[in-house]
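Source file query.json; content: JSON, C-alpha atoms.
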[["chain", "number", "residue", "atom", "x", "y", "z"],
["A", 1, "MET", "CA", 0.00, 0.00, 0.00],
["A", 2, "ILE", "CA", 1.26, 3.48, -0.76],
["A", 3, "TYR", "CA", 0.60, 6.66, 1.19],
["A", 4, "LEU", "CA", 0.07, 9.98, -0.60],
["A", 5, "HIS", "CA", -0.28, 13.47, 0.90],
["A", 6, "ASP", "CA", -0.81, 16.99, -0.43],
["A", 7, "GLY", "CA", 2.84, 17.38, -1.33],
["A", 8, "HIS", "CA", 2.67, 14.32, -3.56],
["A", 9, "ILE", "CA", -0.53, 15.57, -5.22],
["A", 10, "ARG", "CA", 1.11, 18.95, -5.93],
["A", 11, "GLU", "CA", 4.18, 17.21, -7.32],
["A", 12, "MET", "CA", 1.98, 15.36, -9.82],
["A", 13, "GLY", "CA", 0.21, 18.58, -10.81],
["A", 14, "THR", "CA", -3.35, 19.50, -11.72],
["A", 15, "ASP", "CA", -4.86, 19.07, -15.17],
["A", 16, "TRP", "CA", -8.33, 20.58, -14.83],
["A", 17, "GLY", "CA", -9.45, 19.35, -18.22],
["A", 18, "GLN", "CA", -8.51, 15.79, -17.28],
["A", 19, "LEU", "CA", -10.27, 16.07, -13.91],
["A", 20, "ALA", "CA", -13.47, 17.41, -15.49],
["A", 21, "ASP", "CA", -13.29, 14.56, -18.02],
["A", 22, "LEU", "CA", -12.96, 12.05, -15.17],
["A", 23, "VAL", "CA", -16.06, 13.47, -13.49],
["A", 24, "GLU", "CA", -17.95, 13.19, -16.76],
["A", 25, "GLN", "CA", -16.84, 9.55, -17.15],
["A", 26, "VAL", "CA", -18.12, 8.83, -13.63],
["A", 27, "VAL", "CA", -21.47, 10.46, -14.45],
["A", 28, "ARG", "CA", -21.80, 8.26, -17.54],
["A", 29, "THR", "CA", -20.67, 5.15, -15.65],
["A", 30, "ARG", "CA", -23.21, 5.91, -12.94],
["A", 31, "GLU", "CA", -25.91, 6.42, -15.56],
["A", 32, "ALA", "CA", -25.05, 2.99, -16.97],
["A", 33, "GLY", "CA", -25.70, 1.49, -13.53],
["A", 34, "ASP", "CA", -22.11, 0.50, -12.79],
["A", 35, "THR", "CA", -21.50, 2.47, -9.61],
["A", 36, "VAL", "CA", -22.54, 1.91, -6.01],
["A", 37, "SER", "CA", -22.86, 4.95, -3.75],
["A", 38, "PRO", "CA", -24.63, 4.35, -0.43],
["A", 39, "LEU", "CA", -25.97, 7.45, 1.27],
["A", 40, "LYS", "CA", -23.35, 9.31, 3.27],
["A", 41, "THR", "CA", -23.21, 8.69, 7.01],
["A", 42, "TYR", "CA", -22.81, 11.75, 9.25],
["A", 43, "LEU", "CA", -21.10, 11.20, 12.58],
["A", 44, "ARG", "CA", -21.75, 13.93, 15.16],
["A", 45, "PHE", "CA", -20.90, 14.13, 18.84],
["A", 46, "HIS", "CA", -20.60, 16.84, 21.52],
["A", 47, "ASP", "CA", -20.46, 20.01, 19.39],
["A", 48, "LEU", "CA", -23.07, 19.22, 16.76],
["A", 49, "GLN", "CA", -21.85, 21.78, 14.25],
["A", 50, "ASN", "CA", -18.91, 19.43, 13.66],
["A", 51, "ARG", "CA", -19.29, 16.30, 11.58],
["A", 52, "ILE", "CA", -17.26, 13.44, 10.18],
["A", 53, "ILE", "CA", -18.72, 12.02, 6.98],
["A", 54, "ALA", "CA", -18.26, 8.51, 5.55],
["A", 55, "MET", "CA", -18.59, 8.28, 1.76],
["A", 56, "PRO", "CA", -18.09, 4.72, 0.45],
["A", 57, "ALA", "CA", -18.28, 4.11, -3.29],
["A", 58, "PHE", "CA", -17.58, 1.66, -6.08],
["A", 59, "VAL", "CA", -16.94, 2.95, -9.61],
["A", 60, "GLY", "CA", -16.97, 0.32, -12.34],
["A", 61, "GLY", "CA", -16.62, 0.78, -16.08],
["A", 62, "SER", "CA", -13.09, 1.76, -17.05],
["A", 63, "PHE", "CA", -12.28, 2.68, -13.43],
["A", 64, "GLY", "CA", -12.64, -0.53, -11.42],
["A", 65, "LEU", "CA", -12.21, 1.30, -8.11],
["A", 66, "ALA", "CA", -13.66, 0.94, -4.63],
["A", 67, "GLY", "CA", -12.94, 2.91, -1.52],
["A", 68, "LEU", "CA", -14.00, 5.20, 1.26],
["A", 69, "LYS", "CA", -13.71, 8.93, 1.76],
["A", 70, "TRP", "CA", -13.67, 9.88, 5.46],
["A", 71, "ILE", "CA", -13.83, 13.66, 5.82],
["A", 72, "ALA", "CA", -14.09, 15.73, 8.99],
["A", 73, "SER", "CA", -15.59, 19.21, 8.83],
["A", 74, "TYR", "CA", -15.00, 21.43, 11.87],
["A", 75, "PRO", "CA", -16.12, 25.01, 11.09],
["A", 76, "ASP", "CA", -14.26, 26.62, 14.00],
["A", 77, "ASN", "CA", -10.88, 25.12, 13.13],
["A", 78, "GLY", "CA", -9.78, 28.37, 11.50],
["A", 79, "ARG", "CA", -9.66, 30.01, 14.94],
["A", 80, "HIS", "CA", -6.95, 27.52, 15.87],
["A", 81, "GLY", "CA", -4.95, 27.84, 12.66],
["A", 82, "LEU", "CA", -6.20, 24.51, 11.33],
["A", 83, "PRO", "CA", -7.99, 23.64, 8.08],
["A", 84, "ARG", "CA", -11.75, 23.36, 8.37],
["A", 85, "ALA", "CA", -11.72, 19.98, 6.59],
["A", 86, "HIS", "CA", -9.50, 16.95, 7.10],
["A", 87, "ASN", "CA", -9.80, 14.49, 4.24],
["A", 88, "THR", "CA", -8.69, 10.85, 4.10],
["A", 89, "ILE", "CA", -9.37, 8.37, 1.29],
["A", 90, "ILE", "CA", -8.60, 4.67, 1.23],
["A", 91, "LEU", "CA", -8.69, 2.64, -1.99],
["A", 92, "ASN", "CA", -9.25, -1.12, -1.96],
["A", 93, "ASP", "CA", -8.55, -3.73, -4.60],
["A", 94, "THR", "CA", -11.96, -4.69, -5.99],
["A", 95, "ALA", "CA", -11.05, -8.40, -6.39],
["A", 96, "THR", "CA", -9.53, -9.08, -2.97],
["A", 97, "GLY", "CA", -10.45, -6.09, -0.80],
["A", 98, "ARG", "CA", -6.75, -5.48, -0.11],
["A", 99, "PRO", "CA", -5.99, -1.81, 0.72],
["A", 100, "ASP", "CA", -3.98, -0.37, -2.17],
["A", 101, "ALA", "CA", -3.59, 3.29, -1.23],
["A", 102, "LEU", "CA", -4.12, 5.72, 1.62],
["A", 103, "LEU", "CA", -4.43, 9.39, 0.66],
["A", 104, "ARG", "CA", -4.37, 12.09, 3.34],
["A", 105, "SER", "CA", -5.13, 15.19, 1.32],
["A", 106, "GLU", "CA", -7.27, 18.28, 1.83],
["A", 107, "LEU", "CA", -6.25, 19.31, -1.71],
["A", 108, "LEU", "CA", -8.09, 16.35, -3.23],
["A", 109, "ASN", "CA", -11.34, 17.56, -1.70],
["A", 110, "GLY", "CA", -10.99, 20.92, -3.44],
["A", 111, "LEU", "CA", -9.95, 19.33, -6.72],
["A", 112, "ARG", "CA", -13.03, 17.11, -6.78],
["A", 113, "THR", "CA", -15.36, 19.96, -5.85],
["A", 114, "ALA", "CA", -14.04, 22.34, -8.50],
["A", 115, "ALA", "CA", -13.86, 19.58, -11.15],
["A", 116, "VAL", "CA", -17.59, 18.90, -10.69],
["A", 117, "SER", "CA", -18.26, 22.62, -11.07],
["A", 118, "GLY", "CA", -16.02, 22.60, -14.15],
["A", 119, "LEU", "CA", -18.12, 19.89, -15.77],
["A", 120, "MET", "CA", -21.29, 21.86, -15.06],
["A", 121, "MET", "CA", -19.70, 25.03, -16.44],
["A", 122, "ARG", "CA", -18.64, 23.28, -19.64],
["A", 123, "ALA", "CA", -22.22, 22.16, -20.21],
["A", 124, "PHE", "CA", -23.54, 25.63, -19.38],
["A", 125, "MET", "CA", -21.11, 27.39, -21.69],
["A", 126, "ALA", "CA", -21.87, 24.96, -24.52],
["A", 127, "ALA", "CA", -25.63, 25.31, -24.11],
["A", 128, "ARG", "CA", -25.81, 29.07, -23.54],
["A", 129, "GLN", "CA", -22.79, 30.33, -25.52],
["A", 130, "PRO", "CA", -22.35, 33.54, -23.49],
["A", 131, "GLU", "CA", -20.22, 36.18, -25.16],
["A", 132, "GLU", "CA", -18.02, 36.39, -22.09],
["A", 133, "LEU", "CA", -17.58, 34.75, -18.72],
["A", 134, "ARG", "CA", -17.93, 37.04, -15.72],
["A", 135, "LEU", "CA", -17.07, 34.94, -12.70],
["A", 136, "GLY", "CA", -17.98, 35.83, -9.13],
["A", 137, "ILE", "CA", -16.69, 33.82, -6.17],
["A", 138, "ILE", "CA", -18.08, 34.33, -2.67],
["A", 139, "GLY", "CA", -15.69, 32.87, -0.11],
["A", 140, "TRP", "CA", -11.94, 32.95, -0.68],
["A", 141, "GLY", "CA", -10.89, 29.78, 1.09],
["A", 142, "PRO", "CA", -9.31, 26.71, -0.52],
["A", 143, "ILE", "CA", -12.49, 25.79, -2.42],
["A", 144, "GLY", "CA", -12.93, 29.29, -3.82],
["A", 145, "ARG", "CA", -9.30, 29.40, -4.93],
["A", 146, "ARG", "CA", -9.57, 26.03, -6.67],
["A", 147, "HIS", "CA", -12.61, 27.33, -8.55],
["A", 148, "LEU", "CA", -10.70, 30.32, -9.88],
["A", 149, "GLU", "CA", -7.79, 28.10, -10.95],
["A", 150, "MET", "CA", -10.20, 25.74, -12.70],
["A", 151, "CYS", "CA", -12.03, 28.52, -14.55],
["A", 152, "ALA", "CA", -8.81, 30.17, -15.67],
["A", 153, "GLU", "CA", -7.47, 26.90, -17.13],
["A", 154, "LEU", "CA", -10.68, 25.62, -18.71],
["A", 155, "PHE", "CA", -12.02, 28.88, -20.11],
["A", 156, "GLY", "CA", -8.89, 30.99, -20.67],
["A", 157, "ASP", "CA", -9.55, 34.13, -22.69],
["A", 158, "ARG", "CA", -13.32, 33.72, -22.31],
["A", 159, "LEU", "CA", -12.86, 34.65, -18.65],
["A", 160, "LYS", "CA", -13.21, 38.43, -18.97],
["A", 161, "GLN", "CA", -13.96, 39.44, -15.39],
["A", 162, "VAL", "CA", -13.43, 38.03, -11.91],
["A", 163, "MET", "CA", -15.06, 39.43, -8.78],
["A", 164, "LEU", "CA", -14.11, 38.09, -5.36],
["A", 165, "TYR", "CA", -15.74, 38.62, -1.98],
["A", 166, "ASP", "CA", -14.95, 37.27, 1.44],
["A", 167, "LEU", "CA", -16.45, 38.38, 4.73],
["A", 168, "LYS", "CA", -12.95, 38.58, 6.23],
["A", 169, "GLY", "CA", -11.47, 40.51, 3.30],
["A", 170, "ILE", "CA", -8.99, 39.28, 0.71],
["A", 171, "ASP", "CA", -5.25, 39.85, 0.45],
["A", 172, "PRO", "CA", -4.60, 40.91, -3.17],
["A", 173, "GLU", "CA", -1.36, 38.90, -3.11],
["A", 174, "THR", "CA", -3.41, 35.69, -2.90],
["A", 175, "VAL", "CA", -4.93, 36.33, -6.34],
["A", 176, "PRO", "CA", -2.91, 34.63, -9.12],
["A", 177, "GLN", "CA", -0.75, 37.28, -10.74],
["A", 178, "SER", "CA", -1.88, 36.36, -14.23],
["A", 179, "LEU", "CA", -5.49, 37.19, -13.29],
["A", 180, "ARG", "CA", -5.03, 40.36, -11.30],
["A", 181, "ASP", "CA", -5.69, 42.69, -14.22],
["A", 182, "ARG", "CA", -9.23, 41.24, -14.57],
["A", 183, "THR", "CA", -9.96, 40.73, -10.88],
["A", 184, "GLU", "CA", -11.88, 43.08, -8.61],
["A", 185, "LEU", "CA", -12.04, 42.59, -4.86],
["A", 186, "VAL", "CA", -15.45, 43.83, -3.74],
["A", 187, "SER", "CA", -16.69, 44.83, -0.30],
["A", 188, "ASP", "CA", -20.29, 43.72, -0.85],
["A", 189, "TRP", "CA", -21.50, 40.36, -2.17],
["A", 190, "ARG", "CA", -24.40, 42.12, -3.89],
["A", 191, "ALA", "CA", -22.14, 43.88, -6.38],
["A", 192, "LEU", "CA", -20.61, 40.53, -7.28],
["A", 193, "TYR", "CA", -23.98, 38.79, -7.47],
["A", 194, "ARG", "CA", -25.43, 41.41, -9.80],
["A", 195, "GLY", "CA", -22.35, 41.75, -11.98],
["A", 196, "SER", "CA", -21.45, 38.11, -12.67],
["A", 197, "ASN", "CA", -23.04, 35.52, -14.94],
["A", 198, "VAL", "CA", -21.44, 32.60, -13.08],
["A", 199, "ILE", "CA", -21.47, 32.76, -9.26],
["A", 200, "ALA", "CA", -19.78, 30.19, -7.02],
["A", 201, "THR", "CA", -20.67, 30.26, -3.34],
["A", 202, "CYS", "CA", -17.76, 28.67, -1.47],
["A", 203, "THR", "CA", -18.43, 29.68, 2.13],
["A", 204, "VAL", "CA", -19.03, 28.25, 5.58],
["A", 205, "ALA", "CA", -21.77, 30.80, 6.25],
["A", 206, "ALA", "CA", -23.59, 30.28, 9.53],
["A", 207, "GLU", "CA", -26.77, 31.87, 8.16],
["A", 208, "ARG", "CA", -28.29, 32.26, 4.72],
["A", 209, "TYR", "CA", -27.75, 35.75, 3.33],
["A", 210, "ILE", "CA", -28.43, 35.80, -0.43],
["A", 211, "ASP", "CA", -31.88, 37.34, -0.53],
["A", 212, "GLU", "CA", -32.03, 38.56, -4.15],
["A", 213, "GLU", "CA", -33.33, 36.69, -7.16],
["A", 214, "PRO", "CA", -30.50, 35.80, -9.58],
["A", 215, "SER", "CA", -29.84, 37.69, -12.78],
["A", 216, "ALA", "CA", -31.39, 36.38, -15.98],
["A", 217, "GLY", "CA", -29.42, 33.48, -17.43],
["A", 218, "ALA", "CA", -26.91, 33.24, -14.57],
["A", 219, "LEU", "CA", -25.32, 29.97, -13.44],
["A", 220, "LEU", "CA", -25.35, 29.58, -9.66],
["A", 221, "LEU", "CA", -22.76, 27.06, -8.48],
["A", 222, "ASN", "CA", -24.16, 26.49, -5.00],
["A", 223, "VAL", "CA", -21.06, 24.72, -3.74],
["A", 224, "SER", "CA", -21.59, 25.41, -0.04],
["A", 225, "LEU", "CA", -25.31, 24.59, -0.29],
["A", 226, "ARG", "CA", -26.51, 26.87, 2.51],
["A", 227, "ASP", "CA", -26.16, 30.46, 1.27],
["A", 228, "TYR", "CA", -29.52, 31.20, -0.39],
["A", 229, "VAL", "CA", -32.62, 32.42, 1.42],
["A", 230, "PRO", "CA", -35.18, 30.01, -0.08],
["A", 231, "ALA", "CA", -37.45, 32.73, -1.47],
["A", 232, "SER", "CA", -34.57, 34.11, -3.57],
["A", 233, "VAL", "CA", -34.44, 30.96, -5.73],
["A", 234, "ALA", "CA", -38.00, 29.68, -5.33],
["A", 235, "ASN", "CA", -38.92, 30.76, -8.86],
["A", 236, "VAL", "CA", -35.90, 29.18, -10.57],
["A", 237, "LYS", "CA", -37.05, 26.39, -12.88],
["A", 238, "ALA", "CA", -33.64, 24.98, -13.85],
["A", 239, "VAL", "CA", -32.73, 23.29, -10.56],
["A", 240, "ILE", "CA", -29.88, 20.79, -11.02],
["A", 241, "VAL", "CA", -28.59, 18.33, -8.40],
["A", 242, "ASP", "CA", -26.04, 15.54, -8.39],
["A", 243, "ASP", "CA", -28.28, 13.22, -6.37],
["A", 244, "TRP", "CA", -31.65, 14.20, -4.92],
["A", 245, "ARG", "CA", -31.49, 11.75, -2.00],
["A", 246, "GLU", "CA", -28.17, 13.17, -0.90],
["A", 247, "VAL", "CA", -28.90, 16.84, -1.34],
["A", 248, "CYS", "CA", -32.44, 17.04, 0.07],
["A", 249, "ARG", "CA", -31.27, 16.75, 3.69],
["A", 250, "GLU", "CA", -28.78, 18.20, 6.18],
["A", 251, "ASN", "CA", -30.25, 21.73, 6.09],
["A", 252, "THR", "CA", -29.35, 22.36, 2.45],
["A", 253, "ASP", "CA", -31.01, 25.00, 0.31],
["A", 254, "ILE", "CA", -32.70, 22.19, -1.63],
["A", 255, "GLU", "CA", -34.19, 20.79, 1.58],
["A", 256, "LYS", "CA", -35.47, 24.26, 2.52],
["A", 257, "LEU", "CA", -37.02, 24.70, -0.93],
["A", 258, "HIS", "CA", -38.64, 21.28, -0.51],
["A", 259, "GLU", "CA", -40.02, 22.16, 2.94],
["A", 260, "GLN", "CA", -41.11, 25.73, 2.27],
["A", 261, "PHE", "CA", -42.01, 25.77, -1.42],
["A", 262, "GLY", "CA", -42.79, 22.15, -2.22],
["A", 263, "LEU", "CA", -39.84, 21.49, -4.52],
["A", 264, "CYS", "CA", -39.87, 17.78, -5.36],
["A", 265, "GLU", "CA", -37.44, 15.39, -7.00],
["A", 266, "SER", "CA", -39.55, 15.47, -10.16],
["A", 267, "ASP", "CA", -39.05, 19.26, -10.35],
["A", 268, "ALA", "CA", -35.25, 18.96, -10.47],
["A", 269, "ARG", "CA", -32.84, 17.64, -13.08],
["A", 270, "THR", "CA", -29.60, 15.79, -12.38],
["A", 271, "ILE", "CA", -26.11, 16.35, -13.63],
["A", 272, "ALA", "CA", -26.64, 13.12, -15.60],
["A", 273, "ASP", "CA", -29.61, 14.78, -17.32],
["A", 274, "VAL", "CA", -27.35, 17.69, -18.22],
["A", 275, "VAL", "CA", -24.39, 15.59, -19.41],
["A", 276, "CYS", "CA", -26.18, 12.67, -21.04],
["A", 277, "ARG", "CA", -29.42, 14.28, -22.23],
["A", 278, "GLU", "CA", -28.54, 17.97, -22.75],
["A", 279, "ALA", "CA", -31.18, 19.03, -20.24],
["A", 280, "LEU", "CA", -30.14, 22.70, -20.25],
["A", 281, "ALA", "CA", -31.59, 22.98, -23.75],
["A", 282, "ASP", "CA", -35.03, 22.50, -22.19],
["A", 283, "PHE", "CA", -34.85, 25.93, -20.55],
["A", 284, "ALA", "CA", -34.91, 29.42, -22.04],
["A", 285, "ALA", "CA", -31.54, 31.18, -22.22],
["A", 286, "SER", "CA", -32.86, 33.75, -19.74],
["A", 287, "GLU", "CA", -33.61, 31.11, -17.10],
["A", 288, "PRO", "CA", -31.07, 31.01, -14.24],
["A", 289, "VAL", "CA", -29.48, 27.62, -13.53],
["A", 290, "PHE", "CA", -29.23, 26.61, -9.86],
["A", 291, "PHE", "CA", -26.68, 23.79, -9.45],
["A", 292, "ASN", "CA", -26.56, 22.05, -6.06],
["A", 293, "PRO", "CA", -23.82, 19.39, -5.82],
["A", 294, "MET", "CA", -23.87, 17.59, -2.47],
["A", 295, "GLY", "CA", -20.71, 15.75, -3.51],
["A", 296, "LEU", "CA", -20.70, 12.07, -4.45],
["A", 297, "GLY", "CA", -18.14, 9.61, -3.14],
["A", 298, "ALA", "CA", -17.86, 8.11, -6.62],
["A", 299, "PHE", "CA", -16.24, 11.33, -7.85],
["A", 300, "ASP", "CA", -13.76, 11.33, -4.97],
["A", 301, "ILE", "CA", -12.82, 7.70, -5.46],
["A", 302, "ALA", "CA", -12.28, 8.20, -9.20],
["A", 303, "ILE", "CA", -10.04, 11.22, -8.73],
["A", 304, "ALA", "CA", -8.11, 9.53, -5.91],
["A", 305, "GLY", "CA", -7.65, 6.52, -8.19],
["A", 306, "TYR", "CA", -6.35, 8.77, -10.95],
["A", 307, "TYR", "CA", -3.65, 10.17, -8.65],
["A", 308, "TRP", "CA", -2.84, 6.75, -7.19],
["A", 309, "LEU", "CA", -2.17, 5.31, -10.65],
["A", 310, "ARG", "CA", -0.11, 8.37, -11.63],
["A", 311, "ALA", "CA", 1.91, 7.98, -8.45],
["A", 312, "LEU", "CA", 2.65, 4.34, -9.27],
["A", 313, "ARG", "CA", 3.86, 5.29, -12.75],
["A", 314, "MET", "CA", 5.97, 8.18, -11.48],
["A", 315, "GLY", "CA", 7.39, 6.39, -8.43],
["A", 316, "ILE", "CA", 5.83, 8.92, -6.04],
["A", 317, "GLY", "CA", 4.56, 8.16, -2.55],
["A", 318, "LEU", "CA", 5.58, 6.28, 0.57],
["A", 319, "GLU", "CA", 5.27, 2.52, 0.57],
["A", 320, "LEU", "CA", 3.63, 1.09, 3.68],
["A", 321, "GLU", "CA", 4.21, -2.51, 4.70],
["A", 322, "PRO", "CA", 1.39, -4.34, 6.49],
["A", 323, "GLY", "CA", 2.16, -5.76, 9.90],
["A", 324, "ILE", "CA", 1.78, -9.51, 10.17]]

Can the structure in the file be given as structure tokens, please?
Amino acid sequence: MIYLHDGHIREMGTDWGQLADLVEQVVRTREAGDTVSPLKTYLRFHDLQNRIIAMPAFVGGSFGLAGLKWIASYPDNGRHGLPRAHNTIILNDTATGRPDALLRSELLNGLRTAAVSGLMMRAFMAARQPEELRLGIIGWGPIGRRHLEMCAELFGDRLKQVMLYDLKGIDPETVPQSLRDRTELVSDWRALYRGSNVIATCTVAAERYIDEEPSAGALLLNVSLRDYVPASVANVKAVIVDDWREVCRENTDIEKLHEQFGLCESDARTIADVVCREALADFAASEPVFFNPMGLGAFDIAIAGYYWLRALRMGIGLELEPGI
């Protein structure tokens, strides 16, 4: 078994196009019925704002991977100089169950999250063909930064404007130098929300705050899932989820829309509908798109498997010997 950490992942590098392609392959494999993704288990104790989540998954098709993502989310960790999330993934041989790899990597969590958004953005850009991409990111933590990196690589010159907002402020030096000439740091999320046609919410907001209806034709990447006052998106018809069973719980915006406005599974489309059946074409170009990805373990296992196999080829990682 080999052990990989963030340093190893960085050494292997990030190819956002490849990661978005991997997510698409998982969507198609899942649509073909060759994945297994039990509902996540949430472990809570003492301080109930904290949680440790178990995400087992099997991904068949060309992947042939099985494993478990075990991720702890402790919102107050920042006060102690620690990351909010601690992410561990174990990969098992599908024939024998033998553990093949252990990955201890917060970076992988951000890569998966932004790669899923990248797949959704590719479909949105293909369906809507906007003249330019005006990206707004609310929340400038690791997930927000991965989203900017992803957009810059996948959409290049089409990315005409970037607006960033964080409740704690943003150090301009943390913005990639190549993007600073098109980036504006704003002091109010409303300016960003009104001025962008793709908005990614990447926060750990304690309370919902977005109380305005979205602009016509905007793509809302609701990454953090708990930023929108339900009434602000109650009239949106193009509601997209990765998995309804996963996302309609745990105090998400989808659950609130279900409880307060009667949103049902039949009212929403899935990312498989978008990727495999071009579902965005069913909506007018002026209709906002509200994407709510709860995060599927199958995506995490596939991306972890991609880095594990790269590490084997490149001779990267620490080999662990089992005790007998």

Would you kindly return, as a PyMOL selection string, each protein, DNA or RNA residue with an atom no farther than 12 Å from any atom of A:Arg249, considering only C-alpha atoms and excluding same-chain residues fewer than 2 positions away?
-> chain A and resi 39-42+225-226+243-247+251-259+294

Which is closest to A:Glu278 among A:Leu19, A:Val198, A:Ala57, A:Ala127, if we use all atoms listed in the file?
->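 Closest candidate: A:Ala127.
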
Could you check which of A:Ala115, A:Ile90, A:Ala302, A:Val23 is closest to A:Ile2, using only C-alpha atoms?
->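 Of all the options, A:Ile90 lies closest to A:Ile2.
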
A:Gly297, A:Gly317, A:Gly136, A:Gly141 ranked by distance to A:Val26, top pick (using all atoms listed in the file) = A:Gly297

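Of the listed residues (A:Ala231, A:Val223, A:Ile240, A:Leu43), A:Ile240 comes nearest to A:Ser266; the distances count all atoms listed in the file.
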
Pairwise distance for atom CA of A:Ile143 and atom CA of A:Val116, rounded to one decimal in Å =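 One can read the atom CA of A:Ile143 to atom CA of A:Val116 distance as 11.9 Å.
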
Select all residues near (-6.0, 9.4, -6.1) (cut-off 10 Å, inclusive, file coordinates), counting all atoms listed in the file, and output them as a PyMOL selection string.
-> chain A and resi 4-5+9+89-91+101-105+108+300-311
